Amino acid sequence: MSTSKIEWTDASWNPITGCSKISPGCQHCYAEMMARRLCAMRVDKYKNSFRVTLHEDCLEEPVKW
């Protein structure tokens, strides 16, 4: 679980990181830039940079909330 500053939620959960570019609008993707930055910072979930990655170890997190 990750705490959130979003006013309408207390937490967020994302067991999947990365994306597949599907349109010209993806050329300047902010999420891809952030993923590359987090990969460079050696954040474990982003070790595959922006490749779609399922984090199976996170799948049951909401059950524990």
# chains A, B, ... in the order shown; residues from 1 in each chain; ligands from 1
call {"tool": "residues_around", "arguments": {"residues": "Ser20 of chain A", "least_positions_apart": "3", "cutoff": "10 Å", "atoms": "only C-alpha atoms", "output": "number ranges by chain"}}
result
A: 23, 26, 32, 50-52
call {"tool": "residues_around", "arguments": {"residues": "Tyr46 of chain A", "least_positions_apart": "6", "cutoff": "9 Å", "atoms": "only C-alpha atoms", "output": "number ranges by chain"}}
result
A: 17-18, 35-40, 53
call {"tool": "select_by_dssp", "arguments": {"residues": "chain A", "states": "alpha helix (DSSP H)", "output": "list of chain:residue names"}}
result
A:Tyr30, A:Ala31, A:Glu32, A:Met33, A:Met34, A:Ala35, A:Arg36, A:Arg37, A:Leu38, A:Cys39, A:Ala40, A:Glu61, A:Pro62, A:Val63, A:Lys64
call {"tool": "select_by_dssp", "arguments": {"residues": "segment 4-60 of chain A", "states": "strand (DSSP E or B)", "output": "PyMOL selection string"}}
result
chain A and resi 11-12+16-17+53-54
call {"tool": "write_last_selection", "arguments": {"atoms": "N, CA and C atoms", "output": "compact mmCIF listing (two decimals), in the first residue's frame"}}
result
# COMPACT_ATOMS: atom_id res chain seq x y z
N ALA A 11 -5.18 5.51 -0.06
CA ALA A 11 -4.10 4.63 -0.50
C ALA A 11 -4.27 4.28 -1.97
N SER A 12 -3.19 3.83 -2.58
CA SER A 12 -3.24 3.35 -3.96
C SER A 12 -2.50 2.02 -4.05
N ILE A 16 1.05 -3.54 -11.38
CA ILE A 16 1.62 -3.56 -12.74
C ILE A 16 2.29 -2.22 -13.01
N THR A 17 3.51 -2.27 -13.52
CA THR A 17 4.20 -1.05 -13.93
C THR A 17 4.53 -1.18 -15.41
N THR A 53 5.33 -4.90 -16.52
CA THR A 53 5.80 -5.87 -15.55
C THR A 53 4.72 -6.12 -14.50
N LEU A 54 4.35 -7.38 -14.29
CA LEU A 54 3.43 -7.76 -13.24
C LEU A 54 4.23 -8.07 -11.99
call {"tool": "atom_distance", "arguments": {"atom1": "atom CA of Glu61 of chain A", "atom2": "atom CA of Lys45 of chain A"}}
result
14.7 Å
